>>> print(open('data-v2.cif').read())   # mmCIF, C-alpha atoms
data_final
loop_
_atom_site.label_atom_id
_atom_site.label_comp_id
_atom_site.auth_asym_id
_atom_site.auth_seq_id
_atom_site.Cartn_x
_atom_site.Cartn_y
_atom_site.Cartn_z
CA MET A 1 89.76 126.87 89.20
CA ASN A 2 91.49 127.19 92.57
CA LEU A 3 90.73 123.53 93.19
CA LYS A 4 92.42 122.57 89.92
CA ARG A 5 95.47 124.63 90.78
CA ALA A 6 95.64 123.03 94.22
CA LEU A 7 95.32 119.55 92.74
CA GLY A 8 98.00 120.38 90.19
CA SER A 9 100.27 121.61 92.96
CA ASN A 10 99.61 118.45 94.99
CA ARG A 11 100.49 116.29 92.01
CA GLY A 12 103.65 118.33 91.52
CA VAL A 13 104.70 117.60 95.10
CA LEU A 14 103.75 113.97 94.56
CA LEU A 15 105.92 113.75 91.44
CA LYS A 16 108.92 115.32 93.16
CA ASN A 17 108.48 113.13 96.23
CA THR A 18 108.17 110.04 94.03
CA VAL A 19 111.37 110.88 92.17
CA MET A 20 113.27 111.40 95.43
CA LEU A 21 111.91 108.14 96.86
CA TYR A 22 112.98 106.37 93.70
CA ILE A 23 116.50 107.74 94.00
CA LEU A 24 116.74 106.96 97.72
CA GLN A 25 115.29 103.45 97.69
CA PHE A 26 116.25 102.17 94.29
CA SER A 27 119.82 103.45 94.68
CA THR A 28 120.29 100.97 97.52
CA TYR A 29 119.32 98.04 95.34
CA LEU A 30 121.01 99.43 92.26
CA LEU A 31 124.29 99.79 94.16
CA ALA A 32 123.85 96.27 95.55
CA LEU A 33 123.37 95.00 92.00
CA LEU A 34 126.42 96.88 90.75
CA VAL A 35 128.71 95.34 93.37
CA ALA A 36 127.04 91.90 93.29
CA PRO A 37 128.94 90.64 90.18
CA TYR A 38 132.22 91.50 91.90
CA GLU A 39 131.12 89.91 95.17
CA THR A 40 129.95 86.68 93.51
CA ARG A 41 133.20 86.31 91.58
CA VAL A 42 135.40 86.98 94.64
CA LEU A 43 133.38 85.02 97.20
CA GLY A 44 132.01 82.18 95.08
CA ALA A 45 128.53 80.65 95.32
CA GLU A 46 129.03 78.97 98.71
CA VAL A 47 130.42 81.94 100.65
CA TYR A 48 128.23 84.47 98.86
CA GLY A 49 125.06 82.48 99.49
CA GLY A 50 125.93 80.73 102.75
CA PHE A 51 127.43 83.73 104.54
CA LEU A 52 126.68 87.11 102.96
CA GLU A 53 123.18 86.62 101.54
CA ALA A 54 121.99 84.14 104.16
CA SER A 55 123.00 86.62 106.88
CA ALA A 56 121.15 89.41 105.10
CA SER A 57 117.99 87.27 104.86
CA ILE A 58 118.16 86.31 108.53
CA VAL A 59 118.67 89.91 109.64
CA ILE A 60 115.64 91.04 107.63
CA TYR A 61 113.43 89.54 110.34
CA PHE A 62 115.19 91.49 113.06
CA GLN A 63 115.05 94.64 110.96
CA LEU A 64 111.29 94.23 110.62
CA VAL A 65 111.00 93.91 114.39
CA ILE A 66 113.00 97.12 114.86
CA ASP A 67 111.09 98.99 112.15
CA PHE A 68 107.83 97.60 113.59
CA GLY A 69 105.71 99.12 110.83
CA PHE A 70 106.64 102.70 111.80
CA LEU A 71 107.32 103.49 108.15
CA LEU A 72 103.55 103.35 107.64
CA SER A 73 102.05 104.35 110.99
CA ALA A 74 104.50 107.18 111.75
CA THR A 75 104.35 108.47 108.16
CA GLU A 76 100.59 108.80 108.52
CA ASP A 77 100.97 110.56 111.90
CA VAL A 78 103.54 113.00 110.51
CA SER A 79 101.36 113.71 107.47
CA ARG A 80 98.41 114.59 109.71
CA HIS A 81 100.44 116.84 112.06
CA ARG A 82 102.94 118.34 109.62
CA GLU A 83 102.35 121.91 110.88
CA ASP A 84 102.81 121.08 114.58
CA LYS A 85 106.54 121.03 115.41
CA GLN A 86 105.97 119.94 119.00
CA LYS A 87 103.84 117.00 117.89
CA LEU A 88 106.43 116.05 115.27
CA SER A 89 109.13 116.09 117.96
CA GLU A 90 106.99 113.81 120.11
CA ILE A 91 106.47 111.40 117.22
CA LEU A 92 110.19 111.34 116.41
CA SER A 93 111.15 110.78 120.04
CA SER A 94 108.61 108.04 120.79
CA VAL A 95 109.40 106.14 117.58
CA THR A 96 113.16 106.36 118.23
CA GLY A 97 112.68 105.19 121.82
CA ALA A 98 110.59 102.26 120.65
CA LYS A 99 113.22 101.29 118.06
CA LEU A 100 115.96 101.42 120.68
CA LEU A 101 114.01 99.06 122.93
CA LEU A 102 113.31 96.69 120.04
CA SER A 103 116.98 96.76 119.00
CA LEU A 104 118.12 95.51 122.40
CA VAL A 105 115.55 92.71 122.40
CA SER A 106 116.45 91.73 118.82
CA PHE A 107 120.18 91.58 119.49
CA GLY A 108 119.64 89.35 122.51
CA MET A 109 117.47 87.01 120.45
CA LEU A 110 120.07 86.87 117.66
CA MET A 111 122.81 85.86 120.11
CA LEU A 112 120.60 83.12 121.54
CA LEU A 113 119.77 81.70 118.11
CA CYS A 114 123.43 81.71 117.09
CA ARG A 115 124.06 79.37 120.02
CA LEU A 116 121.16 77.08 119.14
CA ILE A 117 121.50 76.82 115.32
CA PRO A 118 124.83 75.37 114.08
CA ALA A 119 124.43 76.89 110.60
CA TRP A 120 124.21 80.34 112.18
CA GLU A 121 127.02 79.87 114.69
CA LYS A 122 129.66 79.40 112.00
CA LYS A 123 128.79 82.77 110.46
CA GLN A 124 128.18 84.61 113.72
CA THR A 125 130.65 87.43 112.98
CA VAL A 126 129.05 88.23 109.63
CA LEU A 127 125.59 87.96 111.19
CA ILE A 128 126.42 90.42 113.98
CA LEU A 129 127.99 92.94 111.60
CA THR A 130 125.01 92.66 109.24
CA PHE A 131 122.63 93.13 112.16
CA VAL A 132 124.43 96.27 113.38
CA ALA A 133 124.43 97.78 109.87
CA SER A 134 120.71 97.07 109.51
CA MET A 135 119.93 98.38 113.01
CA ILE A 136 121.68 101.70 112.32
CA ASN A 137 119.80 102.04 109.04
CA SER A 138 116.51 101.38 110.86
CA PHE A 139 117.02 104.55 112.92
CA MET A 140 116.97 106.65 109.75
CA PRO A 141 113.84 108.86 110.15
CA ASP A 142 112.44 108.11 106.68
CA PHE A 143 108.91 108.33 108.03
CA LEU A 144 109.47 111.97 108.97
CA TYR A 145 110.58 113.03 105.50
CA ARG A 146 107.91 110.94 103.78
CA GLY A 147 105.13 112.37 105.91
CA LEU A 148 106.38 115.92 105.30
CA GLU A 149 106.92 115.05 101.61
CA LYS A 150 110.40 116.58 101.73
CA MET A 151 112.62 113.80 100.45
CA THR A 152 115.30 115.86 98.70
CA ALA A 153 117.57 116.51 101.69
CA ILE A 154 117.70 112.96 103.01
CA THR A 155 118.05 111.55 99.50
CA VAL A 156 121.07 113.61 98.46
CA ARG A 157 123.02 112.94 101.66
CA THR A 158 122.22 109.24 101.97
CA VAL A 159 122.77 108.30 98.33
CA SER A 160 126.09 110.16 98.13
CA ILE A 161 127.44 108.31 101.16
CA LYS A 162 126.16 104.93 99.94
CA ILE A 163 127.90 105.43 96.60
CA LEU A 164 131.19 106.17 98.36
CA PHE A 165 131.07 103.12 100.63
CA SER A 166 129.80 100.80 97.90
CA ALA A 167 132.82 101.77 95.81
CA ALA A 168 135.04 100.91 98.78
CA ILE A 169 134.00 97.24 98.43
CA PHE A 170 136.12 97.01 95.28
CA LEU A 171 139.12 98.21 97.30
CA PHE A 172 138.81 96.07 100.43
CA LEU A 173 137.08 92.83 99.33
CA LYS A 174 139.84 90.69 97.79
CA ARG A 175 139.24 87.06 98.88
CA PRO A 176 136.47 84.87 100.38
CA GLU A 177 137.88 85.39 103.90
CA ASP A 178 137.12 89.11 103.55
CA VAL A 179 133.34 88.54 103.50
CA TRP A 180 133.03 90.55 106.75
CA VAL A 181 134.21 93.67 104.89
CA VAL A 182 130.83 94.15 103.18
CA PRO A 183 128.70 94.57 106.35
CA ALA A 184 131.52 96.51 108.04
CA LEU A 185 131.50 99.09 105.26
CA ASN A 186 127.70 99.25 105.50
CA ILE A 187 128.04 100.06 109.20
CA ALA A 188 130.40 102.95 108.45
CA GLY A 189 128.26 104.35 105.63
CA ASN A 190 124.96 104.04 107.50
CA SER A 191 126.45 105.71 110.60
CA ILE A 192 127.61 108.77 108.69
CA ALA A 193 124.32 109.03 106.79
CA LEU A 194 122.36 108.79 110.05
CA PHE A 195 124.44 111.51 111.72
CA LEU A 196 124.03 113.94 108.81
CA THR A 197 120.30 113.25 108.57
CA TYR A 198 119.63 113.98 112.24
CA PHE A 199 121.76 117.10 111.95
CA HIS A 200 119.42 118.27 109.18
CA VAL A 201 116.31 117.32 111.18
CA ILE A 202 117.43 119.40 114.17
CA LYS A 203 119.10 122.37 112.48
CA THR A 204 116.95 122.83 109.36
CA LEU A 205 113.57 121.25 110.07
CA ASP A 206 113.71 122.49 113.67
CA ILE A 207 112.42 119.17 115.00
CA HIS A 208 114.13 118.06 118.20
CA PHE A 209 114.26 115.04 120.44
CA SER A 210 112.31 115.34 123.64
CA LEU A 211 112.25 113.21 126.76
CA CYS A 212 109.44 110.70 126.32
CA LYS A 213 107.83 108.46 128.90
CA MET A 214 107.65 104.69 128.63
CA GLY A 215 103.90 105.04 128.15
CA GLU A 216 104.46 107.07 124.98
CA VAL A 217 106.86 104.43 123.67
CA LEU A 218 104.38 101.65 124.39
CA PHE A 219 101.60 103.66 122.74
CA ALA A 220 103.75 104.05 119.62
CA LEU A 221 104.26 100.27 119.59
CA ARG A 222 100.54 99.57 119.97
CA ARG A 223 99.71 102.13 117.29
CA SER A 224 102.07 100.48 114.82
CA SER A 225 101.46 96.84 115.74
CA VAL A 226 98.89 96.22 113.00
CA PHE A 227 101.36 97.47 110.37
CA PHE A 228 104.12 95.34 111.90
CA PHE A 229 102.11 92.12 111.64
CA SER A 230 101.32 92.95 108.04
CA ARG A 231 104.98 93.48 107.12
CA ILE A 232 106.24 90.46 109.05
CA ALA A 233 103.61 88.35 107.30
CA THR A 234 104.94 89.56 103.95
CA THR A 235 108.46 88.51 104.90
CA VAL A 236 107.33 84.99 105.75
CA TYR A 237 107.00 84.23 102.06
CA GLY A 238 110.18 86.14 101.17
CA ALA A 239 113.26 85.81 103.31
CA LEU A 240 112.01 82.61 104.96
CA ASN A 241 112.82 80.62 101.84
CA THR A 242 116.46 81.70 101.99
CA VAL A 243 116.66 80.79 105.67
CA ILE A 244 115.19 77.35 104.94
CA LEU A 245 117.71 76.71 102.15
CA ASP A 246 120.54 77.85 104.40
CA ILE A 247 119.55 75.44 107.17
CA ILE A 248 118.65 72.32 105.16
CA THR A 249 121.40 72.36 102.52
CA GLY A 250 124.92 71.22 103.33
CA SER A 251 126.38 73.57 100.73
CA GLY A 252 125.76 77.29 100.37
CA ALA A 253 125.61 77.00 96.56
CA PRO A 254 121.79 76.51 96.27
CA THR A 255 121.35 79.44 98.62
CA GLY A 256 123.71 81.43 96.42
CA TYR A 257 121.70 80.62 93.28
CA TYR A 258 118.41 81.42 94.99
CA THR A 259 119.56 84.67 96.58
CA SER A 260 121.25 85.94 93.41
CA ALA A 261 118.04 85.47 91.42
CA ASN A 262 116.02 86.89 94.30
CA LYS A 263 118.32 89.91 94.37
CA LEU A 264 117.26 90.76 90.82
CA ILE A 265 113.58 90.32 91.66
CA THR A 266 113.95 92.35 94.85
CA ALA A 267 115.68 95.15 92.97
CA GLY A 268 112.79 95.23 90.52
CA LYS A 269 110.19 95.20 93.28
CA ASN A 270 111.89 97.96 95.21
CA GLY A 271 112.19 99.96 92.03
CA LEU A 272 108.38 100.02 92.10
CA THR A 273 107.98 100.57 95.85
CA PRO A 274 108.44 104.39 95.76
CA ILE A 275 105.34 104.69 93.59
CA ALA A 276 103.21 103.12 96.31
CA ASP A 277 105.11 104.89 99.10
CA SER A 278 104.54 108.32 97.58
CA LEU A 279 100.95 107.54 96.61
CA TYR A 280 100.15 106.52 100.19
CA PRO A 281 100.09 110.00 101.83
CA TYR A 282 98.83 111.55 98.58
CA MET A 283 95.86 109.16 98.29
CA THR A 284 95.10 109.57 101.99
CA ARG A 285 94.52 113.29 101.41
CA ASN A 286 93.21 113.47 97.83
CA ARG A 287 91.56 110.09 96.98
CA ASP A 288 92.66 110.51 93.36
CA PHE A 289 91.55 107.11 92.04
CA LYS A 290 91.88 108.15 88.39
CA LEU A 291 95.61 108.58 88.93
CA VAL A 292 95.87 104.96 90.09
CA LYS A 293 94.35 103.79 86.79
CA LYS A 294 96.71 105.97 84.75
CA VAL A 295 99.79 104.71 86.59
CA LEU A 296 98.87 101.07 85.99
CA LEU A 297 97.98 101.58 82.32
CA ILE A 298 101.33 103.24 81.67
CA MET A 299 103.61 101.05 83.78
CA GLU A 300 102.23 97.49 83.51
CA PRO A 301 102.81 96.96 79.74
CA VAL A 302 106.43 98.06 80.15
CA ILE A 303 106.95 95.77 83.14
CA PHE A 304 105.44 92.79 81.29
CA LEU A 305 107.69 93.33 78.26
CA VAL A 306 110.84 93.55 80.40
CA CYS A 307 109.93 90.37 82.31
CA ALA A 308 109.23 88.49 79.07
CA VAL A 309 112.64 89.36 77.61
CA ILE A 310 114.46 88.37 80.83
CA PHE A 311 112.51 85.08 80.95
CA VAL A 312 113.87 84.04 77.53
CA PHE A 313 117.48 84.85 78.35
CA ALA A 314 117.48 84.10 82.10
CA ASN A 315 120.38 81.59 82.21
CA ASP A 316 122.63 83.62 79.95
CA PHE A 317 121.79 86.77 81.85
CA CYS A 318 122.62 85.28 85.27
CA GLY A 319 125.84 83.75 83.91
CA TRP A 320 126.89 87.07 82.42
CA PHE A 321 125.87 89.18 85.41
CA PHE A 322 126.93 87.04 88.39
CA GLY A 323 129.58 84.91 86.70
CA PRO A 324 129.65 81.57 84.80
CA ASP A 325 129.12 79.60 88.02
CA PHE A 326 125.71 81.25 88.48
CA ARG A 327 124.02 80.18 85.21
CA GLU A 328 121.89 77.76 87.22
CA ALA A 329 120.31 80.75 88.97
CA GLY A 330 118.47 81.42 85.70
CA SER A 331 116.00 78.63 86.47
CA VAL A 332 115.18 80.25 89.79
CA LEU A 333 114.82 83.63 88.12
CA ARG A 334 112.31 82.25 85.59
CA ALA A 335 110.21 80.82 88.41
CA MET A 336 110.16 84.22 90.15
CA LEU A 337 109.61 86.54 87.16
CA PRO A 338 105.78 86.61 87.40
CA ILE A 339 106.30 88.44 90.69
CA GLY A 340 107.54 91.39 88.68
CA VAL A 341 104.21 91.59 86.84
CA VAL A 342 101.96 91.42 89.93
CA THR A 343 104.05 93.63 92.21
CA LEU A 344 102.96 97.12 91.12
CA PRO A 345 99.19 96.48 91.16
CA SER A 346 99.57 94.61 94.44
CA TYR A 347 101.45 97.54 95.99
CA ILE A 348 99.02 100.17 94.71
CA PHE A 349 95.92 98.13 95.58
CA GLY A 350 97.36 97.77 99.08
CA PHE A 351 97.61 100.66 101.53
CA PRO A 352 97.36 103.55 98.99
CA MET A 353 94.09 102.35 97.47
CA LEU A 354 92.52 100.59 100.44
CA THR A 355 93.34 103.42 102.87
CA ALA A 356 91.74 105.97 100.55
CA MET A 357 88.67 103.73 100.40
CA GLY A 358 88.56 103.54 104.19
CA ILE A 359 89.23 99.79 104.40
CA SER A 360 92.99 99.70 105.00
CA LYS A 361 92.59 96.69 107.31
CA HIS A 362 92.34 94.50 104.23
CA ALA A 363 95.87 95.43 103.20
CA ASN A 364 97.00 93.71 106.39
CA TYR A 365 94.52 90.86 106.05
CA SER A 366 95.72 90.12 102.52
CA THR A 367 99.35 89.72 103.59
CA ILE A 368 98.34 87.59 106.56
CA PHE A 369 96.20 85.47 104.23
CA GLY A 370 99.15 85.18 101.84
CA SER A 371 101.46 84.23 104.70
CA VAL A 372 99.14 81.43 105.81
CA PHE A 373 98.86 80.26 102.20
CA HIS A 374 102.64 80.21 101.87
CA MET A 375 103.08 78.21 105.07
CA ILE A 376 100.56 75.66 103.81
CA VAL A 377 102.47 75.36 100.54
CA LEU A 378 105.74 74.90 102.44
CA GLY A 379 104.10 72.21 104.57
CA ILE A 380 103.02 70.36 101.43
CA LEU A 381 106.53 70.65 99.95
CA PHE A 382 108.08 69.26 103.13
CA ALA A 383 105.52 66.44 103.30
CA PHE A 384 106.38 65.29 99.77
CA ASN A 385 110.13 66.01 100.14
CA LYS A 386 110.03 68.56 97.32
CA VAL A 387 111.84 71.43 99.01
CA ASN A 388 114.41 72.88 96.62
CA MET A 389 115.33 76.25 95.19
CA ILE A 390 112.86 75.97 92.27
CA SER A 391 109.87 74.85 94.34
CA LEU A 392 110.56 77.59 96.88
CA ALA A 393 110.76 80.18 94.10
CA LEU A 394 107.43 79.00 92.68
CA SER A 395 105.87 79.16 96.14
CA VAL A 396 106.80 82.83 96.45
CA THR A 397 105.32 83.54 93.02
CA ALA A 398 102.07 81.79 93.93
CA THR A 399 101.80 83.66 97.23
CA SER A 400 102.39 87.06 95.61
CA THR A 401 99.64 86.30 93.10
CA VAL A 402 97.20 85.19 95.80
CA ILE A 403 97.71 88.45 97.71
CA LEU A 404 96.99 90.51 94.60
CA LEU A 405 93.82 88.50 93.88
CA TYR A 406 92.64 89.01 97.47
CA ARG A 407 93.03 92.79 97.13
CA ILE A 408 91.30 92.88 93.74
CA VAL A 409 88.32 90.98 95.12
CA VAL A 410 88.05 93.30 98.14
CA ILE A 411 88.22 96.42 95.98
CA TYR A 412 85.62 95.05 93.58
CA LYS A 413 83.22 94.12 96.38
CA ASN A 414 83.64 97.59 97.95
CA ARG A 415 83.83 99.58 94.70
CA HIS A 416 81.00 101.84 95.86
CA LEU A 417 83.47 103.38 98.34
CA ILE A 418 85.50 104.79 95.45
CA TYR A 419 82.63 107.13 94.62
CA ALA A 420 81.65 107.86 98.22
CA PRO A 421 82.75 111.20 99.77
CA PRO A 422 85.55 111.11 102.38
CA LYS A 423 84.56 110.68 106.01
CA GLY A 424 83.42 113.96 107.46
CA GLU A 425 81.93 115.22 104.18
CA LYS A 426 78.22 115.10 103.46
CA GLN A 427 76.84 113.76 100.22
CA ASP A 428 74.94 116.13 97.96
CA ALA A 429 71.20 115.91 98.26
CA LYS A 430 69.62 113.63 95.68
#
>>> encode(input="data-v2.cif", output="structure tokens")
Amino acid sequence: MNLKRALGSNRGVLLKNTVMLYILQFSTYLLALLVAPYETRVLGAEVYGGFLEASASIVIYFQLVIDFGFLLSATEDVSRHREDKQKLSEILSSVTGAKLLLSLVSFGMLMLLCRLIPAWEKKQTVLILTFVASMINSFMPDFLYRGLEKMTAITVRTVSIKILFSAAIFLFLKRPEDVWVVPALNIAGNSIALFLTYFHVIKTLDIHFSLCKMGEVLFALRRSSVFFFSRIATTVYGALNTVILDIITGSGAPTGYYTSANKLITAGKNGLTPIADSLYPYMTRNRDFKLVKKVLLIMEPVIFLVCAVIFVFANDFCGWFFGPDFREAGSVLRAMLPIGVVTLPSYIFGFPMLTAMGISKHANYSTIFGSVFHMIVLGILFAFNKVNMISLALSVTATSTVILLYRIVVIYKNRHLIYAPPKGEKQDAK
């Protein structure tokens, strides 16, 4: 009976943490979607795609370098040492030090590439502002709150500030030349949110920064490297397509069509991410595989129905949402919609499920496998001169499906681990 009460309590914490993660993460993409129709109408397809969205896609790579997989590795470390304040302070300090080092390296690399790539040099100001906004956001200690499963405080503060500065876009963005206003406002909002979050970490959670040695920083980097390579591999078949379109097309319009459709898909994907993010520490501790089945049985039919409706009305929807000039984005959206169906099972069958089974390495292997597959597809497209916004969209869909199939096969082959006791526990005598 006590076990049932404990499990019920754990699920209660899981539910609350999931809701807070939803609000925190999905609010970012929801706010981006709310301002996107205004941005597309003011900036037009060329400026919106060639400057604003292309810069965001480029900076994603630098953000991944700065994050370096700490969202997974540090969350796990915090979850395992949640009662040890000194250890939590060490984790916070070493991760922050590592991110600072990576930020300096990333900024230097960005400046070099702006000198070497003409398409990037002409939007250097927007690129730098976008990079700074992303860098500041990367220092947000999400991993700490996720590992402690205390998302309420960071969610309320961050979302409130993001709403305020998103609304400011309507006041300050008036013409295509004002494209720099969007990342500048993000810098201001992210800075305030970061300050208030660290104030809460120090004053309320009683977790402080401590002087860490370079060896501790390097250890944190080594510890998280496997997660970094997994996440960077995932991005190869995501943001890379936007970067390719930006470089090979003379006009920013195709990039605008692609990124606007991708923005809708990304919003949908990130609306599902908190489920996997909150399941990750929960499954690590409880190995509640029945809950995984229930989540998929409830969510997948709804997701499929929504994607089917959007598929039918894709052109009209894009024209209505982004403006008449963006109806062509509907074709890209149709090519990407299957991603919406495979995303949730792929997320859940990734680190939450595979970590609980004791074979988390395959979550990384699957994304690396998918990345290699995607590069092969891109090579074939280049060889036959078939690189365009539709073929690139289909390549992302194919890669996402391949990754899911890889994880399903691994889970099926190792299904006996679902019924095996956790490491450290002995099986009952037979």
>>> resolve_selection(input="data-v2.cif", expression="the PyMOL selection byres ((chain A and resi 119) around 12)", output="PyMOL selection string")
chain A and resi 50-51+54-55+58+113-118+120-124+127+243-252
>>> resolve_selection(input="data-v2.cif", expression="the PyMOL selection byres ((chain A and resi 303) around 12)", output="VMD selection string")
chain A and resid 268 to 269 271 to 272 295 to 302 304 to 310 337 to 345
>>> resolve_selection(input="data-v2.cif", expression="the PyMOL selection byres ((chain A and resi 53) around 12)", output="number ranges by chain")
A: 32, 36, 39-40, 43-52, 54-60, 123, 126-127, 130, 179-180, 182-183, 239, 241-243, 245-246, 252-263
>>> atom_distance(input="data-v2.cif", atom1="atom CA of Ala276 of chain A", atom2="atom CA of Met357 of chain A")
15.1 Å
>>> residues_around(input="data-v2.cif", residues="segment 321-326 of chain A", least_positions_apart="2", cutoff="7 Å", atoms="only C-alpha atoms", output="PDB file with C-alpha atoms, in the frame of the given file")
ATOM      1  CA  ALA A  36     127.040  91.900  93.290  1.00  0.00           C
ATOM      2  CA  PRO A  37     128.940  90.640  90.180  1.00  0.00           C
ATOM      3  CA  THR A  40     129.950  86.680  93.510  1.00  0.00           C
ATOM      4  CA  ARG A  41     133.200  86.310  91.580  1.00  0.00           C
ATOM      5  CA  TYR A 257     121.700  80.620  93.280  1.00  0.00           C
ATOM      6  CA  PHE A 317     121.790  86.770  81.850  1.00  0.00           C
ATOM      7  CA  CYS A 318     122.620  85.280  85.270  1.00  0.00           C
ATOM      8  CA  GLY A 319     125.840  83.750  83.910  1.00  0.00           C
ATOM      9  CA  GLU A 328     121.890  77.760  87.220  1.00  0.00           C
ATOM     10  CA  ALA A 329     120.310  80.750  88.970  1.00  0.00           C
TER      11      ALA A 329
END
>>> atom_distance(input="data-v2.cif", atom1="atom CA of Val332 of chain A", atom2="atom CA of Glu177 of chain A")
27.2 Å
>>> closest_residue(input="data-v2.cif", among="A:Val65, A:Ala133, A:Val217, A:Val181", to="Met109 of chain A", atoms="only C-alpha atoms")
A:Val65
